[in-house]
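Peer 1: Take this structure first; my questions come after.
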Amino acid sequence: MSYAFDFSDLSQYADVLLHGVVVTLGLTGVSTVLGGALGVVGAALVLRGPAWLRWLIAAYIELIRNTPFIVQLFFVFFGLPSLGIQMGEIEAALLAMTVNLAAYAIEIVRAGIESVKHGQYQAALSLGLSGRQAFRYVVLPQALAAVFPALLSQVMIVMLGSAVVSQISVQDLTYAANFIQSRNFRSFECYIAITAIYLVMAILLRRLCNGLGSGLFAGQKR
Amino acid sequence: MISIENVSKWYGQFQVLNACSTAVRKGEVVVVCGPSGSGKSTLIKTVNGLEAFQQGEIRIGGTSVDAPNTDLSKLRSHVGMVFQHFELFPHLSILDNLTLAQLKVLGRNKDEAADKGLRLLERVGLKAHAGKFPIQLSGGQQQRVAIARSLAMDPVAMLFDEPTSALDPEMINEVLDVMVELAQEGMTMMCVTHEMGFAKKVAHRVIFMDHGQIVEDERKDEFFANPKSERARDFLAKILH
């Protein structure tokens, strides 16, 4: 056990690491917005949509939740081109991450909607709100507040899981580490560095979102 | 104002409403009472279409509640409803609770809606709480806000579904006071309640239900002085002591 750590030349790769951070956060941000929106729409359809659509969504959720993310990624990036659907590695990563997050988000948001008392919906209807308005202004805000921590956890899982997109040569943070260690052969130091960066990013993001959440959902602690 | 004709409702095989007929005239206060499970809450919820029914007809101001061409949302916006568990929207401030439907349903502008909301909060004695959230208010206060929320829509009639039965005893009167005031101003009201003091004070008629049927539908004095049915006599004996 006489490994001599040497972080000295990592600093010259700072821009590579920074680029990796930006790509990882960017992928996470975009897939969170898209996946979250799909989650809300999907949850509403699962609860209220026509039977065939519910079945379809249920099948989609089962498919995504019971297969590895990296296989889903390869399916999109290496599989779809065989059907003539070509896309760049960033687009493929975004698509895979969005499709993955949406499946979990639908389940989470659905649970949130079901946790809102039926009386709330009735009260909204009794004031003359349409079913859609009652959902939008009364049920959904409460549902999202209830499941916000669970949604946030899922986003974190997606962010950390996005490390595998380096496998299709998306230049994310993990790709940066692979790239650097192939140059300086200091793989241990490289992975220590990105481990620390992932850790700090995750903790900061979680804090930030929790703060945002408690501001957004003020007054609702039941 | 409200006419209920021969209304029946089933949950599967179980009949919860059995050929109920009655009417509430403009400015009339009708109290609906009866043992639990008698169908009184179900009946009042059929009036604004929150509960569907399979037979009969309900009209509000001439408009049929379950006709296919009825704009049910519009109809509901004219009929206030107060629930047993208040059902204030927990994610909105007290004032926003009062303005939401004014903005989204009546299309009032923000200032107009807030004005109206604050005036009604003042009326129920809660103007100082406008910026708070429902959770910060007591049950009695929440129910008064709920009444104000309904009044903000300028309803032609008000439905009350056991408005005081989820309240601590010392909070019941503050809610009843608001209801009495409304009744005295001539609001058309249909109230499911066990508060016989309230009924004696302001009701014009009392409806007694049992097993999904309207057993008695009498003028107040008549109902309290000599209830016709055995079941109503039993019921009154149990709750009036």
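Residues are named by chain letter and number: chains run A, B, ... in the order of the structure tokens, numbers start at 1 in each chain, and ligands are numbered from 1 in the order shown.
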Taking only C-alpha atoms into account, report as a list in words which residues of chain B lie within 6 Å of chain A.

Peer 2: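 Taken together, these residues fit the definition: Ser73, Lys74, Arg76, Ser77, Glu87, Pro90, His91 and Phe133 of chain B.
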
Peer 1: DSSP on the backbone, then: every residue of region 94-229 of chain B marked alpha helix (DSSP H), written as a ChimeraX atom specification.

Peer 2: /B:94-104,110-123,139-151,169-184,196-202,220-225

Peer 1: Which is closest to Ala52 (chain B) among B:Ala19, B:Leu176, B:Val7, B:Val32, if we use only C-alpha atoms?

Peer 2: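 Ranking B:Ala19, B:Leu176, B:Val7, B:Val32 by distance to Ala52 (chain B), first place goes to B:Val7.
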
Peer 1: Residues near Val76 (chain A), anyone? I mean within 9 Å using only C-alpha atoms, not counting same-chain ones fewer than 6 positions away, as a VMD selection string.

Peer 2: chain A and resid 85 87 92 to 93 95 to 96

Peer 1: Just write the chosen residues, all heavy atoms, as a compact mmCIF listing (two decimals), in the first residue's frame.

Peer 2:
# COMPACT_ATOMS: atom_id res chain seq x y z
N ILE A 85 -34.23 5.37 -37.54
CA ILE A 85 -34.32 6.55 -36.69
C ILE A 85 -32.92 6.90 -36.19
O ILE A 85 -32.39 6.25 -35.28
CB ILE A 85 -35.26 6.31 -35.48
CG1 ILE A 85 -36.62 5.84 -35.99
CG2 ILE A 85 -35.40 7.57 -34.64
CD1 ILE A 85 -37.55 5.34 -34.91
N MET A 87 -30.11 9.42 -34.53
CA MET A 87 -29.96 10.61 -33.70
C MET A 87 -28.56 10.66 -33.11
O MET A 87 -27.87 9.66 -33.03
CB MET A 87 -31.02 10.67 -32.62
CG MET A 87 -30.99 9.56 -31.62
SD MET A 87 -32.43 9.67 -30.53
CE MET A 87 -33.52 8.51 -31.30
N ALA A 92 -29.90 10.98 -28.07
CA ALA A 92 -30.20 9.61 -27.61
C ALA A 92 -30.20 9.56 -26.09
O ALA A 92 -31.08 8.96 -25.46
CB ALA A 92 -29.19 8.64 -28.18
N ALA A 93 -29.20 10.22 -25.48
CA ALA A 93 -29.11 10.21 -24.02
C ALA A 93 -30.33 10.91 -23.42
O ALA A 93 -30.94 10.41 -22.46
CB ALA A 93 -27.84 10.92 -23.57
N LEU A 95 -33.28 11.34 -24.77
CA LEU A 95 -34.48 10.53 -24.98
C LEU A 95 -34.55 9.39 -23.96
O LEU A 95 -35.58 9.19 -23.30
CB LEU A 95 -34.49 9.97 -26.41
CG LEU A 95 -35.71 9.13 -26.78
CD1 LEU A 95 -36.98 9.97 -26.69
CD2 LEU A 95 -35.57 8.53 -28.18
N ALA A 96 -33.43 8.69 -23.80
CA ALA A 96 -33.42 7.56 -22.87
C ALA A 96 -33.68 8.02 -21.44
O ALA A 96 -34.47 7.41 -20.70
CB ALA A 96 -32.09 6.82 -22.95

Peer 1: Give me the residues within 12 Å of Gly117 (chain B) as a ChimeraX atom specification, counting only C-alpha atoms and dropping any in the same chain fewer than 5 places off.

Peer 2: /B:93-103,108,110-112,122-124,126-127,129-131,145-154

Peer 1: Using DSSP secondary structure from the backbone, list all strand (DSSP E or B) positions within region 11-238 of chain B, as a PyMOL selection string.

Peer 2: chain B and resi 11+14-24+29-33+55-60+63-64+79-82+157-161+188-192+205-210+213-219

Peer 1: Give me the residues within 8 Å of region 104-110 of chain A as an mmCIF file with all heavy atoms, in the first residue's frame, counting only C-alpha atoms and dropping any in the same chain fewer than 2 places off.

Peer 2:
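Below is the file part.cif, written as the result:
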data_model
loop_
_atom_site.group_PDB
_atom_site.id
_atom_site.type_symbol
_atom_site.label_atom_id
_atom_site.label_comp_id
_atom_site.auth_asym_id
_atom_site.auth_seq_id
_atom_site.Cartn_x
_atom_site.Cartn_y
_atom_site.Cartn_z
ATOM 1 N N GLY A 35 -39.428 14.811 -18.532
ATOM 2 C CA GLY A 35 -39.923 13.609 -17.844
ATOM 3 C C GLY A 35 -40.996 13.954 -16.815
ATOM 4 O O GLY A 35 -41.977 13.233 -16.654
ATOM 5 N N GLY A 36 -40.785 15.085 -16.130
ATOM 6 C CA GLY A 36 -41.767 15.515 -15.128
ATOM 7 C C GLY A 36 -43.095 15.851 -15.781
ATOM 8 O O GLY A 36 -44.163 15.446 -15.302
ATOM 9 N N LEU A 38 -44.211 14.762 -18.667
ATOM 10 C CA LEU A 38 -44.818 13.505 -19.107
ATOM 11 C C LEU A 38 -45.403 12.739 -17.923
ATOM 12 O O LEU A 38 -46.435 12.088 -18.043
ATOM 13 C CB LEU A 38 -43.772 12.631 -19.821
ATOM 14 C CG LEU A 38 -43.416 13.033 -21.245
ATOM 15 C CD1 LEU A 38 -42.268 12.162 -21.762
ATOM 16 C CD2 LEU A 38 -44.638 12.873 -22.153
ATOM 17 N N GLY A 39 -44.715 12.850 -16.790
ATOM 18 C CA GLY A 39 -45.194 12.174 -15.585
ATOM 19 C C GLY A 39 -46.571 12.663 -15.180
ATOM 20 O O GLY A 39 -47.456 11.875 -14.849
ATOM 21 N N VAL A 40 -46.761 13.990 -15.231
ATOM 22 C CA VAL A 40 -48.046 14.569 -14.849
ATOM 23 C C VAL A 40 -49.143 14.169 -15.838
ATOM 24 O O VAL A 40 -50.222 13.702 -15.454
ATOM 25 C CB VAL A 40 -47.944 16.112 -14.770
ATOM 26 C CG1 VAL A 40 -49.322 16.741 -14.645
ATOM 27 C CG2 VAL A 40 -47.064 16.509 -13.590
ATOM 28 N N VAL A 41 -48.826 14.328 -17.121
ATOM 29 C CA VAL A 41 -49.820 13.980 -18.146
ATOM 30 C C VAL A 41 -50.143 12.485 -18.078
ATOM 31 O O VAL A 41 -51.308 12.076 -18.093
ATOM 32 C CB VAL A 41 -49.297 14.343 -19.558
ATOM 33 C CG1 VAL A 41 -50.242 13.839 -20.630
ATOM 34 C CG2 VAL A 41 -49.113 15.852 -19.674
ATOM 35 N N GLY A 42 -49.077 11.683 -17.953
ATOM 36 C CA GLY A 42 -49.255 10.235 -17.889
ATOM 37 C C GLY A 42 -50.100 9.822 -16.691
ATOM 38 O O GLY A 42 -50.989 8.984 -16.803
ATOM 39 N N ALA A 43 -49.825 10.448 -15.539
ATOM 40 C CA ALA A 43 -50.575 10.099 -14.324
ATOM 41 C C ALA A 43 -52.043 10.445 -14.488
ATOM 42 O O ALA A 43 -52.932 9.675 -14.107
ATOM 43 C CB ALA A 43 -49.986 10.819 -13.115
ATOM 44 N N ALA A 44 -52.310 11.613 -15.090
ATOM 45 C CA ALA A 44 -53.705 12.009 -15.305
ATOM 46 C C ALA A 44 -54.397 11.011 -16.227
ATOM 47 O O ALA A 44 -55.547 10.627 -15.992
ATOM 48 C CB ALA A 44 -53.762 13.418 -15.897
ATOM 49 N N VAL A 46 -53.519 7.856 -16.757
ATOM 50 C CA VAL A 46 -53.645 6.547 -16.114
ATOM 51 C C VAL A 46 -54.904 6.515 -15.241
ATOM 52 O O VAL A 46 -55.596 5.508 -15.142
ATOM 53 C CB VAL A 46 -52.399 6.245 -15.250
ATOM 54 C CG1 VAL A 46 -52.698 5.171 -14.220
ATOM 55 C CG2 VAL A 46 -51.248 5.802 -16.136
ATOM 56 N N LEU A 47 -55.216 7.669 -14.611
ATOM 57 C CA LEU A 47 -56.367 7.717 -13.708
ATOM 58 C C LEU A 47 -57.679 7.981 -14.444
ATOM 59 O O LEU A 47 -58.733 7.556 -14.020
ATOM 60 C CB LEU A 47 -56.158 8.781 -12.639
ATOM 61 C CG LEU A 47 -55.033 8.469 -11.646
ATOM 62 C CD1 LEU A 47 -54.730 9.667 -10.771
ATOM 63 C CD2 LEU A 47 -55.420 7.274 -10.787
ATOM 64 N N ILE A 61 -44.675 1.515 -18.386
ATOM 65 C CA ILE A 61 -44.076 1.635 -17.064
ATOM 66 C C ILE A 61 -43.392 0.325 -16.660
ATOM 67 O O ILE A 61 -42.263 0.320 -16.171
ATOM 68 C CB ILE A 61 -45.149 2.035 -16.019
ATOM 69 C CG1 ILE A 61 -45.615 3.460 -16.288
ATOM 70 C CG2 ILE A 61 -44.595 1.911 -14.597
ATOM 71 C CD1 ILE A 61 -46.824 3.883 -15.472
ATOM 72 N N ARG A 65 -39.429 0.051 -15.930
ATOM 73 C CA ARG A 65 -39.013 -0.172 -14.547
ATOM 74 C C ARG A 65 -38.361 -1.528 -14.323
ATOM 75 O O ARG A 65 -37.759 -1.765 -13.287
ATOM 76 C CB ARG A 65 -40.214 -0.024 -13.601
ATOM 77 C CG ARG A 65 -40.729 1.403 -13.597
ATOM 78 C CD ARG A 65 -41.366 1.766 -12.294
ATOM 79 N NE ARG A 65 -42.410 0.845 -11.896
ATOM 80 C CZ ARG A 65 -43.064 0.939 -10.753
ATOM 81 N NH1 ARG A 65 -42.763 1.896 -9.897
ATOM 82 N NH2 ARG A 65 -44.019 0.096 -10.454
ATOM 83 N N ASN A 100 -37.007 7.145 -19.324
ATOM 84 C CA ASN A 100 -36.799 6.430 -18.060
ATOM 85 C C ASN A 100 -37.438 7.174 -16.896
ATOM 86 O O ASN A 100 -38.214 6.616 -16.121
ATOM 87 C CB ASN A 100 -35.299 6.262 -17.833
ATOM 88 C CG ASN A 100 -34.992 5.491 -16.552
ATOM 89 O OD1 ASN A 100 -34.899 6.094 -15.488
ATOM 90 N ND2 ASN A 100 -34.874 4.172 -16.646
ATOM 91 N N LEU A 101 -37.143 8.474 -16.791
ATOM 92 C CA LEU A 101 -37.668 9.246 -15.661
ATOM 93 C C LEU A 101 -39.192 9.314 -15.705
ATOM 94 O O LEU A 101 -39.854 9.192 -14.672
ATOM 95 C CB LEU A 101 -37.073 10.663 -15.675
ATOM 96 C CG LEU A 101 -37.579 11.605 -14.578
ATOM 97 C CD1 LEU A 101 -37.284 11.025 -13.202
ATOM 98 C CD2 LEU A 101 -36.944 12.982 -14.706
ATOM 99 N N ALA A 102 -39.739 9.497 -16.909
ATOM 100 C CA ALA A 102 -41.186 9.637 -17.032
ATOM 101 C C ALA A 102 -41.919 8.427 -16.465
ATOM 102 O O ALA A 102 -42.941 8.563 -15.798
ATOM 103 C CB ALA A 102 -41.579 9.852 -18.499
ATOM 104 N N GLY A 112 -49.439 10.539 -5.757
ATOM 105 C CA GLY A 112 -49.731 11.848 -5.175
ATOM 106 C C GLY A 112 -51.166 12.267 -5.425
ATOM 107 O O GLY A 112 -51.856 12.735 -4.508
ATOM 108 N N ILE A 113 -51.628 12.068 -6.641
ATOM 109 C CA ILE A 113 -53.005 12.448 -6.980
ATOM 110 C C ILE A 113 -53.980 11.633 -6.131
ATOM 111 O O ILE A 113 -54.950 12.162 -5.603
ATOM 112 C CB ILE A 113 -53.284 12.224 -8.478
ATOM 113 C CG1 ILE A 113 -52.452 13.209 -9.302
ATOM 114 C CG2 ILE A 113 -54.765 12.383 -8.792
ATOM 115 C CD1 ILE A 113 -52.478 12.938 -10.798
ATOM 116 N N GLU A 114 -53.677 10.346 -5.986
ATOM 117 C CA GLU A 114 -54.583 9.493 -5.204
ATOM 118 C C GLU A 114 -54.581 9.862 -3.723
ATOM 119 O O GLU A 114 -55.514 9.547 -2.996
ATOM 120 C CB GLU A 114 -54.216 8.016 -5.395
ATOM 121 C CG GLU A 114 -54.628 7.536 -6.775
ATOM 122 C CD GLU A 114 -54.277 6.081 -7.027
ATOM 123 O OE1 GLU A 114 -53.304 5.589 -6.418
ATOM 124 O OE2 GLU A 114 -54.971 5.450 -7.840
ATOM 125 N N ALA A 143 -50.988 17.303 -4.987
ATOM 126 C CA ALA A 143 -50.365 16.015 -5.308
ATOM 127 C C ALA A 143 -48.851 16.192 -5.433
ATOM 128 O O ALA A 143 -48.075 15.411 -4.877
ATOM 129 C CB ALA A 143 -50.951 15.465 -6.611
ATOM 130 N N LEU A 144 -48.431 17.231 -6.145
ATOM 131 C CA LEU A 144 -47.000 17.447 -6.345
ATOM 132 C C LEU A 144 -46.308 17.784 -5.035
ATOM 133 O O LEU A 144 -45.181 17.343 -4.793
ATOM 134 C CB LEU A 144 -46.771 18.560 -7.374
ATOM 135 C CG LEU A 144 -47.176 18.215 -8.807
ATOM 136 C CD1 LEU A 144 -46.886 19.378 -9.746
ATOM 137 C CD2 LEU A 144 -46.457 16.962 -9.296
ATOM 138 N N VAL A 147 -45.675 14.531 -3.124
ATOM 139 C CA VAL A 147 -44.677 13.588 -3.637
ATOM 140 C C VAL A 147 -43.370 14.273 -4.039
ATOM 141 O O VAL A 147 -42.489 13.635 -4.628
ATOM 142 C CB VAL A 147 -45.221 12.777 -4.841
ATOM 143 C CG1 VAL A 147 -46.422 11.949 -4.406
ATOM 144 C CG2 VAL A 147 -45.582 13.669 -6.011
ATOM 145 N N ALA A 150 -40.176 12.436 -3.154
ATOM 146 C CA ALA A 150 -40.002 11.211 -3.937
ATOM 147 C C ALA A 150 -39.566 11.534 -5.366
ATOM 148 O O ALA A 150 -38.705 10.863 -5.940
ATOM 149 C CB ALA A 150 -41.301 10.401 -3.949
ATOM 150 N N LEU A 151 -40.166 12.584 -5.937
ATOM 151 C CA LEU A 151 -39.791 12.993 -7.290
ATOM 152 C C LEU A 151 -38.333 13.443 -7.325
ATOM 153 O O LEU A 151 -37.577 13.096 -8.231
ATOM 154 C CB LEU A 151 -40.671 14.155 -7.758
ATOM 155 C CG LEU A 151 -41.975 13.802 -8.458
ATOM 156 C CD1 LEU A 151 -42.718 15.078 -8.840
ATOM 157 C CD2 LEU A 151 -41.722 12.965 -9.700
ATOM 158 N N GLN A 154 -36.001 10.628 -7.333
ATOM 159 C CA GLN A 154 -35.941 9.989 -8.638
ATOM 160 C C GLN A 154 -35.058 10.788 -9.603
ATOM 161 O O GLN A 154 -34.296 10.212 -10.386
ATOM 162 C CB GLN A 154 -37.357 9.828 -9.198
ATOM 163 C CG GLN A 154 -37.446 8.850 -10.343
ATOM 164 C CD GLN A 154 -36.959 7.461 -9.953
ATOM 165 O OE1 GLN A 154 -37.311 6.951 -8.875
ATOM 166 N NE2 GLN A 154 -36.141 6.861 -10.783
#

Peer 1: Write out as a count of residues only each polymer residue whose atoms come within 7 Å of Phe208 (chain B), counting only C-alpha atoms; drop sequence neighbours fewer than 5 positions from it.

Peer 2: 8

Peer 1: Please compute the CA of Thr188 (chain B)-CA of Val29 (chain B) distance, one decimal, in Å.

Peer 2: 5.8 Å

Peer 1: Separation of CA of Val16 (chain B) and CA of Ser38 (chain B), in Å?

Peer 2: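 Taking CA of Val16 (chain B) and CA of Ser38 (chain B), their separation equals 7.6 Å.
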
Peer 1: Excluding Arg219 (chain B) and residues on its chain fewer than 5 positions from it, collect all residues at most 9 Å away from it, counting only C-alpha atoms, and give them as a VMD selection string.

Peer 2: chain B and resid 203 to 207 224

Peer 1: Using only C-alpha atoms for the distances, tell me which of A:Leu208, A:Phe185, A:Ala176, A:Arg132 is nearest to Lys104 (chain B).

Peer 2: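 Result for the nearest residue to Lys104 (chain B): A:Arg132.
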
Peer 1: Between A:Ala202, A:Leu212, A:Val99, A:Ile180, which one has atoms that come closest to Ala14 (chain A), using only C-alpha atoms?

Peer 2: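 The shortest atom-to-atom distance to Ala14 (chain A) comes from A:Ile180.
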
Peer 1: Measuring between only C-alpha atoms, which one of B:Val65, B:Leu17, B:Leu92, B:Met179 shows the shortest distance to Gly212 (chain B)?

Peer 2: B:Leu17

Peer 1: How many Å lie between CA of Asp172 (chain A) and CA of Val23 (chain A), rounded to one decimal?

Peer 2: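 If I compute the distance from CA of Asp172 (chain A) to CA of Val23 (chain A), I get 5.1 Å.
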